[in-house]
Amino acid sequence: MLRIALTKGRVEKKFIPLLQRCNIDCQPLIDKQRRLIINLGDQYQIILVKGEDVCTYLRKGAVDLGVVGSDVLEEQGADEQVNELLDLNTGRCQFIVASKSDFDWNQPRRKVIGTKYPNVARRWFASQGEDVEIIKIAGSVELAPLTGLADAIVDLTETGTTLRVNHLVVHDWLDVITSRLVANPVALKQKRDEIFALTNQLRQAMEEEYDEDLRKVTE
Amino acid sequence: MMSSIALPAGLRDQFGTEAESKDQISAWLMKNLRSRGYRRIITPIVERRDLFAEFNMQSEQYRVIDPAGDELVLRPDLTLPVARFLATTNVKLPQKIYYLGERFQAAPELSGGQSEQTQAGIELIGYGSLKAEMEGVILMHRLNRHLLDNQLTIELGHARLVDTILDALELDEELQEQLAQALYHKNFPAYEKLLRQVDAPQTMPFLRKWPWLFGTLAEVNDMLAEVKVPEPALPLLGQLKTVAEFAGELADQQVIVDLSSAVPQKYYTGIVMKGYVEKTTGAYLISGGRYNRLLANFQSQLEPAVGLGINIDALAEATALKPVKKQPVFVYAPFELLGQAAALVEKHGNYSLALADSLQEAQQQAQTAGAKLVALDAEKGMKEC
């Protein structure tokens, strides 16, 4: 049986249709109520966790596979500890740097950046040759520039609506974020055939979905 | 008060069965190696920081200041101290060396990882033949049979395979490094994306398949039958197949090969070996390989070598073998009969003095310890209680 740590919420919702396309009965997952460990037949066991915890479960060998946003992988620098098998191309959004429209990016002082992603922010500003002060914020990052807590933010945006409503403008676009299928390196070796079978099924499901979307657009 | 004496994060005490299991495995392994002509080495737990400077330790080191104010580290690796010893003394080579000791690599904060690990291992220094790799395989197989109920998988790779194939493509340095990292970490989407920048039509069928090229030797051979392996990689692949075929012939031994196996340390130059069982998927039980250039950092003469590190903590967790011991027997005696009690204790390996002052207390202590109690009485002689 493959044990899969699935990120609760948005990632989970977008992953279920892909599993269904692979002819995996997801009803127990849809009807899960408050259960956190759900068996899908005798082939898969889904463990619902927060995105930040997926790699912890994987690293310790508590699960074989994980489904997690690439934002979490980037922030945790997890690429050395887990194997990335497939870009599921769901939950698409993008890292941005944003500030109030009147913020002067050229002023010669150390800027203050509010973010949920301190490592991503630090790496990006370092790549721009700029040393910044980072404040880690747990939620509603948009508030930071509005209240004077920070000069700008590094955050994720899907449509940009929240930024517009809060009168923030995008200063730069960083990496595009999607959900990824990741594996524990030892599990990949030991359960190679099962894992590749699921990866190939998911890949095919994604292609079918893409073809269907394309048909809808052209019709 | 409690917080001032509590253990630092990432460290733990080991007590009872957990510690005894490690003792038992270590004692068996040490005896096994000693009787096969290996020589024991014990190196200090602290070393100069520079010894480890050029090598890729996966995590932070523990730093220690000596009385002179020099910065030392708790050794994060046990091979480098052996290399230092050989480079700075006149030990005649070749040598088959074994060690057992603690190694420290700070686990990331709040990760649940352990910073201290008991590691045993061998170093076969001065042996250039593939037979040294085979000796490593034999040791892994022996551990598998004796301790792991034939559940150990041996994974074999080659440290130079990735660089050799990529070097021949004459790529931009940055692209080559990114491709190597994507291969080692089996990052399939990143690898496929990077491959779009590679212009090598002849090698492309192999390159497309490369990250998937792991499994049993038969499986990998089947996959390789459909593609042409780049010429410069053939001798390395030949070595890998020779060792894998040898390992595959050992009874009940599971063996897989991986053509882009991650290299545990930068100093590896040849066959890389890893061992794991399903129930400890988080950690390799055994890891090692050939490192022919390691000593070059400390002395002018290159020496071929193969080493294998064995994670005793993970092995103790995975082993089917539990510590066997005879039930202890406590001997209770009044002070005037302690001479007789001592004679009994000397005679039987599992006898010891009951340290209580009353028979009732001795009975309680024996019960708690899972021991049998015998009492000596001036009139009734010895009786079991």
# chains A, B, ... in the order shown; residues from 1 in each chain; ligands from 1
>>> interface_residues(of="chain B", to="chain A", cutoff="9 Å", atoms="only C-alpha atoms", output="ChimeraX atom specification")
/B:111-113,153,155,181-182,184-190,214-215,256,258,276-284
>>> write_last_selection(atoms="C-alpha atoms", output="compact mmCIF listing (two decimals), in the first residue's frame")
# COMPACT_ATOMS: atom_id res chain seq x y z
CA SER B 111 12.69 18.23 12.96
CA GLY B 112 12.65 15.19 15.23
CA GLY B 113 16.04 14.21 13.80
CA THR B 153 18.35 -4.07 -0.06
CA GLU B 155 21.83 -0.26 -3.72
CA GLN B 181 21.57 18.01 -8.97
CA ALA B 182 18.23 17.20 -10.63
CA TYR B 184 20.89 13.06 -7.87
CA HIS B 185 17.70 14.31 -6.23
CA LYS B 186 15.49 12.60 -8.80
CA ASN B 187 13.68 15.84 -9.52
CA PHE B 188 11.94 14.62 -12.66
CA PRO B 189 10.10 17.84 -13.68
CA ALA B 190 13.25 19.97 -13.21
CA PHE B 214 17.25 2.18 -11.41
CA GLY B 215 15.98 -1.22 -10.29
CA ILE B 256 19.36 -2.73 -7.06
CA ASP B 258 20.88 3.21 -9.78
CA TYR B 276 18.24 -0.06 3.64
CA VAL B 277 15.20 -2.01 4.78
CA GLU B 278 11.57 -1.09 4.24
CA LYS B 279 10.73 -0.33 7.85
CA THR B 280 13.37 2.38 8.17
CA THR B 281 12.61 4.21 4.95
CA GLY B 282 13.75 7.46 6.54
CA ALA B 283 17.40 6.44 6.83
CA TYR B 284 20.11 4.43 5.16
>>> closest_residue(among="A:Thr7, A:Ser101, A:Asn119, A:Asn106", to="Val170 (chain A)", atoms="only C-alpha atoms")
A:Ser101
>>> residues_around(residues="Cys26 (chain A)", least_positions_apart="5", cutoff="9 Å", atoms="only C-alpha atoms", output="ChimeraX atom specification")
/A:16-17,19-20,31,40
>>> write_last_selection(atoms="N, CA and C atoms", output="compact mmCIF listing (two decimals), in the first residue's frame")
# COMPACT_ATOMS: atom_id res chain seq x y z
N ILE A 16 -8.16 15.58 -5.92
CA ILE A 16 -9.20 14.54 -5.98
C ILE A 16 -9.68 14.27 -7.42
N PRO A 17 -10.02 15.31 -8.22
CA PRO A 17 -10.46 15.01 -9.59
C PRO A 17 -9.41 14.25 -10.41
N LEU A 19 -7.22 12.08 -9.20
CA LEU A 19 -7.28 10.69 -8.75
C LEU A 19 -8.49 9.99 -9.36
N GLN A 20 -9.61 10.71 -9.42
CA GLN A 20 -10.83 10.11 -9.99
C GLN A 20 -10.63 9.76 -11.46
N ASP A 31 -16.09 11.86 1.57
CA ASP A 31 -16.96 11.71 2.75
C ASP A 31 -16.16 11.59 4.04
N LEU A 40 -8.03 4.40 0.35
CA LEU A 40 -8.73 4.33 -0.93
C LEU A 40 -8.48 2.94 -1.46
>>> select_by_dssp(residues="chain A", states="alpha helix (DSSP H)", output="VMD selection string")
chain A and resid 10 to 21 27 to 30 54 to 59 70 to 76 118 to 127 143 to 147 161 to 165 185 to 190 192 to 218
>>> residues_around(residues="Pro108 (chain A)", least_positions_apart="5", cutoff="12 Å", atoms="only C-alpha atoms", output="PDB file with C-alpha atoms, in the first residue's frame")
ATOM      1  CA  GLU A 130      20.010  43.680  -2.023  1.00  0.00           C
ATOM      2  CA  ASP A 131      20.232  43.072   1.714  1.00  0.00           C
ATOM      3  CA  VAL A 132      16.811  43.365   3.346  1.00  0.00           C
TER       4      VAL A 132
END
>>> atom_distance(atom1="CA of Leu100 (chain B)", atom2="CA of Gly121 (chain B)")
6.6 Å
>>> closest_residue(among="B:Ser35, B:Thr43, B:Gln95, B:Thr118", to="Val306 (chain B)", atoms="only C-alpha atoms")
B:Gln95
>>> closest_residue(among="A:Thr115, A:Glu194, A:Arg164, A:Phe15", to="Tyr44 (chain A)", atoms="only C-alpha atoms")
A:Glu194
>>> select_by_dssp(residues="region 238-321 of chain B", states="strand (DSSP E or B)", output="PyMOL selection string")
chain B and resi 254-258+271-276+286-290+305-311
>>> residues_around(residues="Gln363 (chain B)", least_positions_apart="3", cutoff="10 Å", atoms="only C-alpha atoms", output="compact mmCIF listing (two decimals) with N, CA and C atoms, in the first residue's frame")
# COMPACT_ATOMS: atom_id res chain seq x y z
N PHE B 330 19.16 -12.95 41.85
CA PHE B 330 19.69 -12.16 42.97
C PHE B 330 19.86 -13.10 44.17
N TYR B 332 20.09 -13.27 48.11
CA TYR B 332 19.91 -12.53 49.35
C TYR B 332 20.59 -13.31 50.47
N ALA B 354 21.78 -9.61 46.06
CA ALA B 354 20.59 -8.77 46.31
C ALA B 354 21.05 -7.69 47.27
N ALA B 356 19.39 -5.53 49.03
CA ALA B 356 18.42 -5.06 50.03
C ALA B 356 18.82 -5.55 51.43
N SER B 358 16.44 -6.34 53.73
CA SER B 358 15.47 -7.30 54.24
C SER B 358 15.03 -8.19 53.10
N LEU B 359 14.56 -9.41 53.46
CA LEU B 359 14.13 -10.36 52.44
C LEU B 359 12.95 -9.80 51.65
N GLN B 360 12.05 -9.14 52.35
CA GLN B 360 10.86 -8.57 51.70
C GLN B 360 11.26 -7.53 50.64
N ALA B 366 13.69 -7.84 43.20
CA ALA B 366 13.85 -8.90 42.20
C ALA B 366 12.67 -8.88 41.23
N GLN B 367 11.48 -8.68 41.78
CA GLN B 367 10.28 -8.65 40.93
C GLN B 367 10.38 -7.50 39.91
N THR B 368 10.77 -6.31 40.40
CA THR B 368 10.90 -5.14 39.52
C THR B 368 11.92 -5.41 38.41
N ALA B 369 13.00 -6.09 38.76
CA ALA B 369 14.08 -6.31 37.79
C ALA B 369 13.85 -7.54 36.91
N ALA B 371 13.98 -10.58 37.98
CA ALA B 371 15.01 -11.54 38.40
C ALA B 371 14.42 -12.60 39.34
N LYS B 372 15.13 -13.71 39.39
CA LYS B 372 14.76 -14.75 40.36
C LYS B 372 15.50 -14.41 41.65
N LEU B 373 14.93 -14.80 42.80
CA LEU B 373 15.61 -14.50 44.07
C LEU B 373 15.90 -15.81 44.80
N VAL B 374 17.15 -15.97 45.21
CA VAL B 374 17.45 -17.08 46.12
C VAL B 374 17.96 -16.48 47.42
N ALA B 375 17.63 -17.14 48.53
CA ALA B 375 18.04 -16.61 49.83
C ALA B 375 18.90 -17.64 50.55
N CYS B 385 13.08 -18.11 46.45
CA CYS B 385 11.94 -17.37 47.02
C CYS B 385 10.93 -16.98 45.94
>>> residues_around(residues="Ile134 (chain A)", least_positions_apart="2", cutoff="8 Å", atoms="only C-alpha atoms", output="list in words")
Val112, Ile113, Gly114, Thr115, Pro118, Ala121, Arg122, Val132 and Lys136 of chain A
>>> write_last_selection(atoms="C-alpha atoms", output="PDB file, in the first residue's frame")
ATOM      1  CA  VAL A 112      11.849  45.861   5.364  1.00  0.00           C
ATOM      2  CA  ILE A 113       9.978  42.915   3.828  1.00  0.00           C
ATOM      3  CA  GLY A 114       6.983  41.179   5.383  1.00  0.00           C
ATOM      4  CA  THR A 115       6.380  37.579   4.310  1.00  0.00           C
ATOM      5  CA  PRO A 118      11.424  34.302   4.689  1.00  0.00           C
ATOM      6  CA  ALA A 121      12.291  36.350   0.131  1.00  0.00           C
ATOM      7  CA  ARG A 122      15.881  36.330   1.368  1.00  0.00           C
ATOM      8  CA  VAL A 132      16.811  43.365   3.346  1.00  0.00           C
ATOM      9  CA  LYS A 136       7.939  36.747   9.278  1.00  0.00           C
TER      10      LYS A 136
END
